[in-house]
>>> print(open('query_4.cif').read())   # mmCIF, N, CA and C atoms; chains and numbers go by the auth columns
data_final
#
loop_
_atom_site.group_PDB
_atom_site.id
_atom_site.type_symbol
_atom_site.label_atom_id
_atom_site.label_comp_id
_atom_site.label_asym_id
_atom_site.label_seq_id
_atom_site.Cartn_x
_atom_site.Cartn_y
_atom_site.Cartn_z
_atom_site.B_iso_or_equiv
_atom_site.auth_seq_id
_atom_site.auth_asym_id
ATOM 1 N N MET A 1 2.913 -10.823 -30.508 0.00 1 Q
ATOM 2 C CA MET A 1 3.867 -9.894 -29.906 0.00 1 Q
ATOM 3 C C MET A 1 3.153 -8.677 -29.324 0.00 1 Q
ATOM 4 N N MET A 2 2.133 -8.198 -30.024 0.00 2 Q
ATOM 5 C CA MET A 2 1.410 -7.021 -29.554 0.00 2 Q
ATOM 6 C C MET A 2 0.732 -7.290 -28.217 0.00 2 Q
ATOM 7 N N ARG A 3 0.187 -8.482 -28.047 0.00 3 Q
ATOM 8 C CA ARG A 3 -0.484 -8.811 -26.802 0.00 3 Q
ATOM 9 C C ARG A 3 0.504 -8.819 -25.634 0.00 3 Q
ATOM 10 N N ASN A 4 1.707 -9.357 -25.825 0.00 4 Q
ATOM 11 C CA ASN A 4 2.720 -9.374 -24.779 0.00 4 Q
ATOM 12 C C ASN A 4 3.089 -7.971 -24.344 0.00 4 Q
ATOM 13 N N GLN A 5 3.208 -7.071 -25.287 0.00 5 Q
ATOM 14 C CA GLN A 5 3.537 -5.690 -24.946 0.00 5 Q
ATOM 15 C C GLN A 5 2.430 -5.058 -24.114 0.00 5 Q
ATOM 16 N N CYS A 6 1.194 -5.359 -24.457 0.00 6 Q
ATOM 17 C CA CYS A 6 0.051 -4.818 -23.720 0.00 6 Q
ATOM 18 C C CYS A 6 0.046 -5.355 -22.289 0.00 6 Q
ATOM 19 N N VAL A 7 0.292 -6.639 -22.135 0.00 7 Q
ATOM 20 C CA VAL A 7 0.316 -7.250 -20.806 0.00 7 Q
ATOM 21 C C VAL A 7 1.452 -6.662 -19.974 0.00 7 Q
ATOM 22 N N GLU A 8 2.643 -6.534 -20.570 0.00 8 Q
ATOM 23 C CA GLU A 8 3.781 -5.956 -19.856 0.00 8 Q
ATOM 24 C C GLU A 8 3.500 -4.521 -19.447 0.00 8 Q
ATOM 25 N N LYS A 9 2.885 -3.757 -20.315 0.00 9 Q
ATOM 26 C CA LYS A 9 2.562 -2.371 -20.002 0.00 9 Q
ATOM 27 C C LYS A 9 1.552 -2.306 -18.866 0.00 9 Q
ATOM 28 N N ASN A 10 0.557 -3.183 -18.878 0.00 10 Q
ATOM 29 C CA ASN A 10 -0.462 -3.220 -17.827 0.00 10 Q
ATOM 30 C C ASN A 10 0.170 -3.559 -16.479 0.00 10 Q
ATOM 31 N N ILE A 11 1.076 -4.518 -16.446 0.00 11 Q
ATOM 32 C CA ILE A 11 1.762 -4.892 -15.210 0.00 11 Q
ATOM 33 C C ILE A 11 2.591 -3.728 -14.697 0.00 11 Q
ATOM 34 N N CYS A 12 3.308 -3.068 -15.594 0.00 12 Q
ATOM 35 C CA CYS A 12 4.140 -1.922 -15.206 0.00 12 Q
ATOM 36 C C CYS A 12 3.281 -0.807 -14.622 0.00 12 Q
ATOM 37 N N VAL A 13 2.152 -0.527 -15.231 0.00 13 Q
ATOM 38 C CA VAL A 13 1.270 0.531 -14.734 0.00 13 Q
ATOM 39 C C VAL A 13 0.765 0.168 -13.344 0.00 13 Q
ATOM 40 N N ARG A 14 0.379 -1.089 -13.121 0.00 14 Q
ATOM 41 C CA ARG A 14 -0.098 -1.510 -11.800 0.00 14 Q
ATOM 42 C C ARG A 14 0.997 -1.360 -10.758 0.00 14 Q
ATOM 43 N N LEU A 15 2.230 -1.761 -11.082 0.00 15 Q
ATOM 44 C CA LEU A 15 3.321 -1.669 -10.125 0.00 15 Q
ATOM 45 C C LEU A 15 3.695 -0.213 -9.850 0.00 15 Q
ATOM 46 N N CYS A 16 3.658 0.621 -10.862 0.00 16 Q
ATOM 47 C CA CYS A 16 4.039 2.021 -10.692 0.00 16 Q
ATOM 48 C C CYS A 16 3.005 2.789 -9.876 0.00 16 Q
ATOM 49 N N ASP A 17 1.752 2.339 -9.881 0.00 17 Q
ATOM 50 C CA ASP A 17 0.696 3.018 -9.140 0.00 17 Q
ATOM 51 C C ASP A 17 0.711 2.682 -7.655 0.00 17 Q
ATOM 52 N N GLN A 18 1.458 1.670 -7.257 0.00 18 Q
ATOM 53 C CA GLN A 18 1.465 1.262 -5.863 0.00 18 Q
ATOM 54 C C GLN A 18 2.333 2.193 -5.020 0.00 18 Q
ATOM 55 N N THR A 19 1.843 2.494 -3.836 0.00 19 Q
ATOM 56 C CA THR A 19 2.635 3.265 -2.881 0.00 19 Q
ATOM 57 C C THR A 19 3.593 2.306 -2.169 0.00 19 Q
ATOM 58 N N PRO A 20 4.618 2.823 -1.500 0.00 20 Q
ATOM 59 C CA PRO A 20 5.498 1.937 -0.734 0.00 20 Q
ATOM 60 C C PRO A 20 4.718 1.102 0.288 0.00 20 Q
ATOM 61 N N ARG A 21 3.709 1.687 0.873 0.00 21 Q
ATOM 62 C CA ARG A 21 2.858 0.966 1.828 0.00 21 Q
ATOM 63 C C ARG A 21 2.151 -0.203 1.128 0.00 21 Q
ATOM 64 N N ASP A 22 1.601 0.047 -0.063 0.00 22 Q
ATOM 65 C CA ASP A 22 0.932 -1.002 -0.838 0.00 22 Q
ATOM 66 C C ASP A 22 1.902 -2.127 -1.192 0.00 22 Q
ATOM 67 N N ILE A 23 3.108 -1.752 -1.555 0.00 23 Q
ATOM 68 C CA ILE A 23 4.122 -2.739 -1.933 0.00 23 Q
ATOM 69 C C ILE A 23 4.452 -3.634 -0.739 0.00 23 Q
ATOM 70 N N LEU A 24 4.640 -3.037 0.427 0.00 24 Q
ATOM 71 C CA LEU A 24 4.932 -3.826 1.627 0.00 24 Q
ATOM 72 C C LEU A 24 3.798 -4.798 1.937 0.00 24 Q
ATOM 73 N N ILE A 25 2.582 -4.324 1.881 0.00 25 Q
ATOM 74 C CA ILE A 25 1.435 -5.188 2.174 0.00 25 Q
ATOM 75 C C ILE A 25 1.339 -6.320 1.163 0.00 25 Q
ATOM 76 N N SER A 26 1.535 -6.014 -0.112 0.00 26 Q
ATOM 77 C CA SER A 26 1.439 -7.076 -1.113 0.00 26 Q
ATOM 78 C C SER A 26 2.551 -8.107 -0.939 0.00 26 Q
ATOM 79 N N LEU A 27 3.741 -7.669 -0.562 0.00 27 Q
ATOM 80 C CA LEU A 27 4.821 -8.628 -0.288 0.00 27 Q
ATOM 81 C C LEU A 27 4.459 -9.527 0.882 0.00 27 Q
ATOM 82 N N LEU A 28 3.903 -8.954 1.921 0.00 28 Q
ATOM 83 C CA LEU A 28 3.523 -9.739 3.093 0.00 28 Q
ATOM 84 C C LEU A 28 2.376 -10.707 2.774 0.00 28 Q
ATOM 85 N N GLU A 29 1.445 -10.275 1.927 0.00 29 Q
ATOM 86 C CA GLU A 29 0.312 -11.133 1.565 0.00 29 Q
ATOM 87 C C GLU A 29 0.708 -12.233 0.588 0.00 29 Q
ATOM 88 N N GLU A 30 1.489 -11.878 -0.423 0.00 30 Q
ATOM 89 C CA GLU A 30 1.742 -12.793 -1.525 0.00 30 Q
ATOM 90 C C GLU A 30 3.014 -13.621 -1.373 0.00 30 Q
ATOM 91 N N GLU A 31 4.022 -13.063 -0.761 0.00 31 Q
ATOM 92 C CA GLU A 31 5.302 -13.754 -0.725 0.00 31 Q
ATOM 93 C C GLU A 31 5.793 -14.055 0.682 0.00 31 Q
ATOM 94 N N GLY A 32 5.055 -13.659 1.668 0.00 32 Q
ATOM 95 C CA GLY A 32 5.457 -13.930 3.040 0.00 32 Q
ATOM 96 C C GLY A 32 5.122 -15.363 3.428 0.00 32 Q
ATOM 97 N N ASP A 33 5.746 -15.839 4.491 0.00 33 Q
ATOM 98 C CA ASP A 33 5.385 -17.149 5.007 0.00 33 Q
ATOM 99 C C ASP A 33 4.723 -16.970 6.367 0.00 33 Q
ATOM 100 N N ILE A 34 4.423 -18.043 7.025 0.00 34 Q
ATOM 101 C CA ILE A 34 3.707 -17.988 8.298 0.00 34 Q
ATOM 102 C C ILE A 34 4.506 -17.216 9.352 0.00 34 Q
ATOM 103 N N LEU A 35 5.815 -17.378 9.344 0.00 35 Q
ATOM 104 C CA LEU A 35 6.657 -16.713 10.340 0.00 35 Q
ATOM 105 C C LEU A 35 6.822 -15.227 10.072 0.00 35 Q
ATOM 106 N N GLY A 36 6.742 -14.816 8.814 0.00 36 Q
ATOM 107 C CA GLY A 36 6.918 -13.421 8.452 0.00 36 Q
ATOM 108 C C GLY A 36 8.254 -13.178 7.775 0.00 36 Q
ATOM 109 N N TRP A 37 8.549 -11.935 7.573 0.00 37 Q
ATOM 110 C CA TRP A 37 9.783 -11.489 6.924 0.00 37 Q
ATOM 111 C C TRP A 37 10.720 -10.899 7.964 0.00 37 Q
ATOM 112 N N GLU A 38 12.007 -11.053 7.747 0.00 38 Q
ATOM 113 C CA GLU A 38 12.965 -10.267 8.522 0.00 38 Q
ATOM 114 C C GLU A 38 12.813 -8.826 8.048 0.00 38 Q
ATOM 115 N N ALA A 39 12.840 -7.894 8.969 0.00 39 Q
ATOM 116 C CA ALA A 39 12.556 -6.495 8.646 0.00 39 Q
ATOM 117 C C ALA A 39 13.460 -5.962 7.532 0.00 39 Q
ATOM 118 N N GLU A 40 14.751 -6.196 7.623 0.00 40 Q
ATOM 119 C CA GLU A 40 15.676 -5.658 6.612 0.00 40 Q
ATOM 120 C C GLU A 40 15.449 -6.285 5.244 0.00 40 Q
ATOM 121 N N ASN A 41 15.127 -7.565 5.211 0.00 41 Q
ATOM 122 C CA ASN A 41 14.843 -8.221 3.924 0.00 41 Q
ATOM 123 C C ASN A 41 13.575 -7.657 3.296 0.00 41 Q
ATOM 124 N N LEU A 42 12.572 -7.406 4.119 0.00 42 Q
ATOM 125 C CA LEU A 42 11.323 -6.838 3.620 0.00 42 Q
ATOM 126 C C LEU A 42 11.551 -5.429 3.075 0.00 42 Q
ATOM 127 N N ILE A 43 12.308 -4.632 3.803 0.00 43 Q
ATOM 128 C CA ILE A 43 12.613 -3.267 3.349 0.00 43 Q
ATOM 129 C C ILE A 43 13.382 -3.307 2.041 0.00 43 Q
ATOM 130 N N TYR A 44 14.392 -4.169 1.956 0.00 44 Q
ATOM 131 C CA TYR A 44 15.208 -4.276 0.741 0.00 44 Q
ATOM 132 C C TYR A 44 14.353 -4.718 -0.449 0.00 44 Q
ATOM 133 N N GLU A 45 13.547 -5.748 -0.260 0.00 45 Q
ATOM 134 C CA GLU A 45 12.721 -6.276 -1.348 0.00 45 Q
ATOM 135 C C GLU A 45 11.707 -5.245 -1.821 0.00 45 Q
ATOM 136 N N SER A 46 11.104 -4.525 -0.900 0.00 46 Q
ATOM 137 C CA SER A 46 10.135 -3.502 -1.307 0.00 46 Q
ATOM 138 C C SER A 46 10.833 -2.326 -1.989 0.00 46 Q
ATOM 139 N N ALA A 47 12.027 -1.971 -1.523 0.00 47 Q
ATOM 140 C CA ALA A 47 12.776 -0.871 -2.149 0.00 47 Q
ATOM 141 C C ALA A 47 13.120 -1.187 -3.600 0.00 47 Q
ATOM 142 N N LEU A 48 13.358 -2.457 -3.891 0.00 48 Q
ATOM 143 C CA LEU A 48 13.640 -2.849 -5.268 0.00 48 Q
ATOM 144 C C LEU A 48 12.453 -2.590 -6.189 0.00 48 Q
ATOM 145 N N ARG A 49 11.265 -2.576 -5.631 0.00 49 Q
ATOM 146 C CA ARG A 49 10.039 -2.412 -6.418 0.00 49 Q
ATOM 147 C C ARG A 49 9.563 -0.966 -6.472 0.00 49 Q
ATOM 148 N N ILE A 50 10.229 -0.086 -5.755 0.00 50 Q
ATOM 149 C CA ILE A 50 9.878 1.338 -5.766 0.00 50 Q
ATOM 150 C C ILE A 50 10.689 2.018 -6.859 0.00 50 Q
ATOM 151 N N ASN A 51 10.014 2.767 -7.673 0.00 51 Q
ATOM 152 C CA ASN A 51 10.642 3.398 -8.827 0.00 51 Q
ATOM 153 C C ASN A 51 11.301 4.719 -8.436 0.00 51 Q
ATOM 154 N N GLU A 52 12.368 4.610 -7.655 0.00 52 Q
ATOM 155 C CA GLU A 52 13.140 5.778 -7.209 0.00 52 Q
ATOM 156 C C GLU A 52 14.613 5.389 -7.146 0.00 52 Q
ATOM 157 N N LEU A 53 15.476 6.356 -6.848 0.00 53 Q
ATOM 158 C CA LEU A 53 16.879 6.051 -6.617 0.00 53 Q
ATOM 159 C C LEU A 53 16.990 5.117 -5.412 0.00 53 Q
ATOM 160 N N PRO A 54 17.997 4.255 -5.376 0.00 54 Q
ATOM 161 C CA PRO A 54 18.089 3.258 -4.295 0.00 54 Q
ATOM 162 C C PRO A 54 18.015 3.835 -2.883 0.00 54 Q
ATOM 163 N N GLU A 55 18.722 4.928 -2.626 0.00 55 Q
ATOM 164 C CA GLU A 55 18.709 5.500 -1.280 0.00 55 Q
ATOM 165 C C GLU A 55 17.317 6.014 -0.915 0.00 55 Q
ATOM 166 N N ALA A 56 16.681 6.684 -1.856 0.00 56 Q
ATOM 167 C CA ALA A 56 15.335 7.212 -1.618 0.00 56 Q
ATOM 168 C C ALA A 56 14.335 6.072 -1.443 0.00 56 Q
ATOM 169 N N ALA A 57 14.473 5.032 -2.245 0.00 57 Q
ATOM 170 C CA ALA A 57 13.558 3.888 -2.148 0.00 57 Q
ATOM 171 C C ALA A 57 13.687 3.197 -0.789 0.00 57 Q
ATOM 172 N N MET A 58 14.906 3.073 -0.284 0.00 58 Q
ATOM 173 C CA MET A 58 15.111 2.453 1.032 0.00 58 Q
ATOM 174 C C MET A 58 14.466 3.309 2.128 0.00 58 Q
ATOM 175 N N ARG A 59 14.649 4.621 2.052 0.00 59 Q
ATOM 176 C CA ARG A 59 14.039 5.516 3.048 0.00 59 Q
ATOM 177 C C ARG A 59 12.513 5.436 2.996 0.00 59 Q
ATOM 178 N N MET A 60 11.975 5.407 1.784 0.00 60 Q
ATOM 179 C CA MET A 60 10.530 5.330 1.610 0.00 60 Q
ATOM 180 C C MET A 60 9.990 4.022 2.181 0.00 60 Q
ATOM 181 N N ALA A 61 10.692 2.925 1.934 0.00 61 Q
ATOM 182 C CA ALA A 61 10.258 1.617 2.433 0.00 61 Q
ATOM 183 C C ALA A 61 10.316 1.580 3.964 0.00 61 Q
ATOM 184 N N ARG A 62 11.394 2.118 4.532 0.00 62 Q
ATOM 185 C CA ARG A 62 11.515 2.151 6.002 0.00 62 Q
ATOM 186 C C ARG A 62 10.396 2.982 6.628 0.00 62 Q
ATOM 187 N N PHE A 63 10.137 4.137 6.058 0.00 63 Q
ATOM 188 C CA PHE A 63 9.093 5.018 6.567 0.00 63 Q
ATOM 189 C C PHE A 63 7.728 4.345 6.473 0.00 63 Q
ATOM 190 N N ALA A 64 7.459 3.685 5.335 0.00 64 Q
ATOM 191 C CA ALA A 64 6.182 2.999 5.152 0.00 64 Q
ATOM 192 C C ALA A 64 6.023 1.862 6.161 0.00 64 Q
ATOM 193 N N LEU A 65 7.099 1.119 6.415 0.00 65 Q
ATOM 194 C CA LEU A 65 7.030 0.023 7.378 0.00 65 Q
ATOM 195 C C LEU A 65 6.767 0.559 8.787 0.00 65 Q
ATOM 196 N N LYS A 66 7.421 1.650 9.150 0.00 66 Q
ATOM 197 C CA LYS A 66 7.159 2.253 10.465 0.00 66 Q
ATOM 198 C C LYS A 66 5.693 2.661 10.587 0.00 66 Q
ATOM 199 N N GLY A 67 5.137 3.185 9.507 0.00 67 Q
ATOM 200 C CA GLY A 67 3.726 3.568 9.506 0.00 67 Q
ATOM 201 C C GLY A 67 2.803 2.372 9.661 0.00 67 Q
ATOM 202 N N LEU A 68 3.131 1.263 9.001 0.00 68 Q
ATOM 203 C CA LEU A 68 2.312 0.059 9.121 0.00 68 Q
ATOM 204 C C LEU A 68 2.346 -0.499 10.540 0.00 68 Q
ATOM 205 N N VAL A 69 3.518 -0.452 11.172 0.00 69 Q
ATOM 206 C CA VAL A 69 3.640 -0.910 12.564 0.00 69 Q
ATOM 207 C C VAL A 69 2.855 0.025 13.479 0.00 69 Q
ATOM 208 N N ARG A 70 3.034 1.324 13.289 0.00 70 Q
ATOM 209 C CA ARG A 70 2.340 2.325 14.107 0.00 70 Q
ATOM 210 C C ARG A 70 0.820 2.189 13.994 0.00 70 Q
ATOM 211 N N ASP A 71 0.326 1.933 12.778 0.00 71 Q
ATOM 212 C CA ASP A 71 -1.110 1.833 12.543 0.00 71 Q
ATOM 213 C C ASP A 71 -1.685 0.472 12.916 0.00 71 Q
ATOM 214 N N GLY A 72 -0.828 -0.452 13.319 0.00 72 Q
ATOM 215 C CA GLY A 72 -1.304 -1.762 13.740 0.00 72 Q
ATOM 216 C C GLY A 72 -1.667 -2.700 12.609 0.00 72 Q
ATOM 217 N N VAL A 73 -1.208 -2.408 11.402 0.00 73 Q
ATOM 218 C CA VAL A 73 -1.493 -3.263 10.251 0.00 73 Q
ATOM 219 C C VAL A 73 -0.601 -4.496 10.272 0.00 73 Q
ATOM 220 N N VAL A 74 0.631 -4.329 10.748 0.00 74 Q
ATOM 221 C CA VAL A 74 1.575 -5.437 10.826 0.00 74 Q
ATOM 222 C C VAL A 74 2.077 -5.593 12.262 0.00 74 Q
ATOM 223 N N LEU A 75 2.575 -6.774 12.539 0.00 75 Q
ATOM 224 C CA LEU A 75 3.187 -7.058 13.834 0.00 75 Q
ATOM 225 C C LEU A 75 4.685 -7.179 13.654 0.00 75 Q
ATOM 226 N N SER A 76 5.417 -6.702 14.618 0.00 76 Q
ATOM 227 C CA SER A 76 6.874 -6.829 14.617 0.00 76 Q
ATOM 228 C C SER A 76 7.268 -7.572 15.888 0.00 76 Q
ATOM 229 N N GLU A 77 7.650 -8.842 15.730 0.00 77 Q
ATOM 230 C CA GLU A 77 8.035 -9.657 16.871 0.00 77 Q
ATOM 231 C C GLU A 77 9.339 -10.388 16.574 0.00 77 Q
ATOM 232 N N ASN A 78 10.287 -10.254 17.478 0.00 78 Q
ATOM 233 C CA ASN A 78 11.584 -10.927 17.353 0.00 78 Q
ATOM 234 C C ASN A 78 12.271 -10.659 16.011 0.00 78 Q
ATOM 235 N N GLY A 79 12.138 -9.429 15.511 0.00 79 Q
ATOM 236 C CA GLY A 79 12.769 -9.056 14.261 0.00 79 Q
ATOM 237 C C GLY A 79 12.043 -9.524 13.019 0.00 79 Q
ATOM 238 N N LEU A 80 10.872 -10.174 13.191 0.00 80 Q
ATOM 239 C CA LEU A 80 10.078 -10.634 12.056 0.00 80 Q
ATOM 240 C C LEU A 80 8.825 -9.768 11.904 0.00 80 Q
ATOM 241 N N ILE A 81 8.475 -9.491 10.658 0.00 81 Q
ATOM 242 C CA ILE A 81 7.314 -8.671 10.347 0.00 81 Q
ATOM 243 C C ILE A 81 6.267 -9.574 9.699 0.00 81 Q
ATOM 244 N N SER A 82 5.043 -9.476 10.183 0.00 82 Q
ATOM 245 C CA SER A 82 3.951 -10.249 9.577 0.00 82 Q
ATOM 246 C C SER A 82 2.674 -9.415 9.635 0.00 82 Q
ATOM 247 N N LEU A 83 1.735 -9.740 8.751 0.00 83 Q
ATOM 248 C CA LEU A 83 0.454 -9.044 8.760 0.00 83 Q
ATOM 249 C C LEU A 83 -0.328 -9.429 10.002 0.00 83 Q
ATOM 250 N N LYS A 84 -1.013 -8.454 10.543 0.00 84 Q
ATOM 251 C CA LYS A 84 -1.870 -8.729 11.700 0.00 84 Q
ATOM 252 C C LYS A 84 -3.119 -9.436 11.194 0.00 84 Q
ATOM 253 N N ASP A 85 -3.573 -10.433 11.922 0.00 85 Q
ATOM 254 C CA ASP A 85 -4.764 -11.202 11.498 0.00 85 Q
ATOM 255 C C ASP A 85 -6.007 -10.415 11.564 0.00 85 Q
#
>>> encode(input="query_4.cif", output="structure tokens")
Amino acid sequence: MMRNQCVEKNICVRLCDQTPRDILISLLEEEGDILGWEAENLIYESALRINELPEAAMRMARFALKGLVRDGVVLSENGLISLKD
């Protein structure tokens, strides 16, 4: 039982240390498919992983996604978001 608590705590610490930008990138790397994510689904899924109130988490996720597009880290085509190669 003690080991499970340690593992859960370690996972929580890793998730809590991630910025909204990090969360978006990890979703695109780990759970995205070849076509990419629909923008709203990606924002919603990342907001669920941000440790803030729902409205604030959605704003943070949207802002982070705009930054990733602006910086050229991700591509936005036909409403789908994917990592740039």
>>> closest_atom_pairs(input="query_4.cif", of="stretch 20-65 of chain Q", to="stretch 73-76 of chain Q", cutoff="9 Å", atoms="only C-alpha atoms", output="Markdown table")
| residue | atom | partner | partner_atom | distance |
| --- | --- | --- | --- | --- |
| Q:Ile25 | CA | Q:Val74 | CA | 8.7 |
| Q:Ala39 | CA | Q:Ser76 | CA | 8.2 |
| Q:Leu65 | CA | Q:Val74 | CA | 8.5 |
>>> atom_distance(input="query_4.cif", atom1="atom N of Q:Pro54", atom2="atom N of Q:Ile34")
28.9 Å
>>> residues_around(input="query_4.cif", residues="Q:Ser46", least_positions_apart="3", cutoff="6 Å", atoms="all atoms listed in the file", output="ChimeraX atom specification")
/Q:23-24,41-43,49-50,61
>>> atom_distance(input="query_4.cif", atom1="atom N of Q:Ala64", atom2="atom CA of Q:Thr19")
9.5 Å
>>> atom_distance(input="query_4.cif", atom1="atom CA of Q:Pro20", atom2="atom C of Q:Glu38")
15.7 Å
>>> closest_residue(input="query_4.cif", among="Q:Leu83, Q:Arg21, Q:Glu52, Q:Ser26", to="Q:Gly67", atoms="all atoms listed in the file")
Q:Arg21
>>> residues_near_point(input="query_4.cif", point="(5.6, -15.1, 9.8)", cutoff="7 Å", atoms="all atoms listed in the file", output="mmCIF file with N, CA and C atoms, keeping the file's coordinate frame")
data_model
loop_
_atom_site.group_PDB
_atom_site.id
_atom_site.type_symbol
_atom_site.label_atom_id
_atom_site.label_comp_id
_atom_site.auth_asym_id
_atom_site.auth_seq_id
_atom_site.Cartn_x
_atom_site.Cartn_y
_atom_site.Cartn_z
ATOM 1 N N GLY Q 32 5.055 -13.659 1.668
ATOM 2 C CA GLY Q 32 5.457 -13.930 3.040
ATOM 3 C C GLY Q 32 5.122 -15.363 3.428
ATOM 4 N N ASP Q 33 5.746 -15.839 4.491
ATOM 5 C CA ASP Q 33 5.385 -17.149 5.007
ATOM 6 C C ASP Q 33 4.723 -16.970 6.367
ATOM 7 N N ILE Q 34 4.423 -18.043 7.025
ATOM 8 C CA ILE Q 34 3.707 -17.988 8.298
ATOM 9 C C ILE Q 34 4.506 -17.216 9.352
ATOM 10 N N LEU Q 35 5.815 -17.378 9.344
ATOM 11 C CA LEU Q 35 6.657 -16.713 10.340
ATOM 12 C C LEU Q 35 6.822 -15.227 10.072
ATOM 13 N N GLY Q 36 6.742 -14.816 8.814
ATOM 14 C CA GLY Q 36 6.918 -13.421 8.452
ATOM 15 C C GLY Q 36 8.254 -13.178 7.775
ATOM 16 N N TRP Q 37 8.549 -11.935 7.573
ATOM 17 C CA TRP Q 37 9.783 -11.489 6.924
ATOM 18 C C TRP Q 37 10.720 -10.899 7.964
ATOM 19 N N LEU Q 80 10.872 -10.174 13.191
ATOM 20 C CA LEU Q 80 10.078 -10.634 12.056
ATOM 21 C C LEU Q 80 8.825 -9.768 11.904
ATOM 22 N N ILE Q 81 8.475 -9.491 10.658
ATOM 23 C CA ILE Q 81 7.314 -8.671 10.347
ATOM 24 C C ILE Q 81 6.267 -9.574 9.699
ATOM 25 N N SER Q 82 5.043 -9.476 10.183
ATOM 26 C CA SER Q 82 3.951 -10.249 9.577
ATOM 27 C C SER Q 82 2.674 -9.415 9.635
ATOM 28 N N LEU Q 83 1.735 -9.740 8.751
ATOM 29 C CA LEU Q 83 0.454 -9.044 8.760
ATOM 30 C C LEU Q 83 -0.328 -9.429 10.002
#
>>> select_by_dssp(input="query_4.cif", residues="chain Q", states="strand (DSSP E)", output="JSON, numbers by chain")
{"Q": [37, 38, 74, 75, 76, 77, 80, 81, 82, 83]}
>>> select_by_dssp(input="query_4.cif", residues="chain Q", states="alpha helix (DSSP H)", output="ChimeraX atom specification")
/Q:2-17,20-30,39-49,54-70
>>> decode(input="query_4.cif", residues="stretch 35-64 of chain Q", atoms="C-alpha atoms", output="short mmCIF file (atom, residue, chain, number, x, y, z; two decimals), in the first residue's frame")
data_model
loop_
_atom_site.label_atom_id
_atom_site.label_comp_id
_atom_site.auth_asym_id
_atom_site.auth_seq_id
_atom_site.Cartn_x
_atom_site.Cartn_y
_atom_site.Cartn_z
CA LEU Q 35 -4.82 13.75 -38.24
CA GLY Q 36 -4.55 15.73 -35.00
CA TRP Q 37 -7.07 17.00 -32.48
CA GLU Q 38 -10.09 19.18 -33.01
CA ALA Q 39 -9.15 22.48 -31.37
CA GLU Q 40 -12.06 22.58 -28.91
CA ASN Q 41 -11.53 18.96 -27.84
CA LEU Q 42 -7.84 19.62 -27.25
CA ILE Q 43 -8.60 22.74 -25.20
CA TYR Q 44 -11.24 20.90 -23.15
CA GLU Q 45 -9.01 17.88 -22.50
CA SER Q 46 -6.06 20.02 -21.46
CA ALA Q 47 -8.27 22.20 -19.24
CA LEU Q 48 -9.33 19.08 -17.36
CA ARG Q 49 -5.67 18.50 -16.48
CA ILE Q 50 -4.99 22.05 -15.29
CA ASN Q 51 -5.37 22.46 -11.56
CA GLU Q 52 -7.55 25.59 -11.62
CA LEU Q 53 -11.22 26.53 -11.67
CA PRO Q 54 -12.88 25.35 -14.91
CA GLU Q 55 -13.26 28.82 -16.44
CA ALA Q 56 -9.66 29.77 -15.64
CA ALA Q 57 -8.37 26.43 -16.91
CA MET Q 58 -10.19 26.88 -20.24
CA ARG Q 59 -8.75 30.39 -20.65
CA MET Q 60 -5.27 29.15 -19.80
CA ALA Q 61 -5.55 26.28 -22.31
CA ARG Q 62 -6.81 28.61 -25.06
CA PHE Q 63 -4.02 31.10 -24.43
CA ALA Q 64 -1.39 28.33 -24.41
#
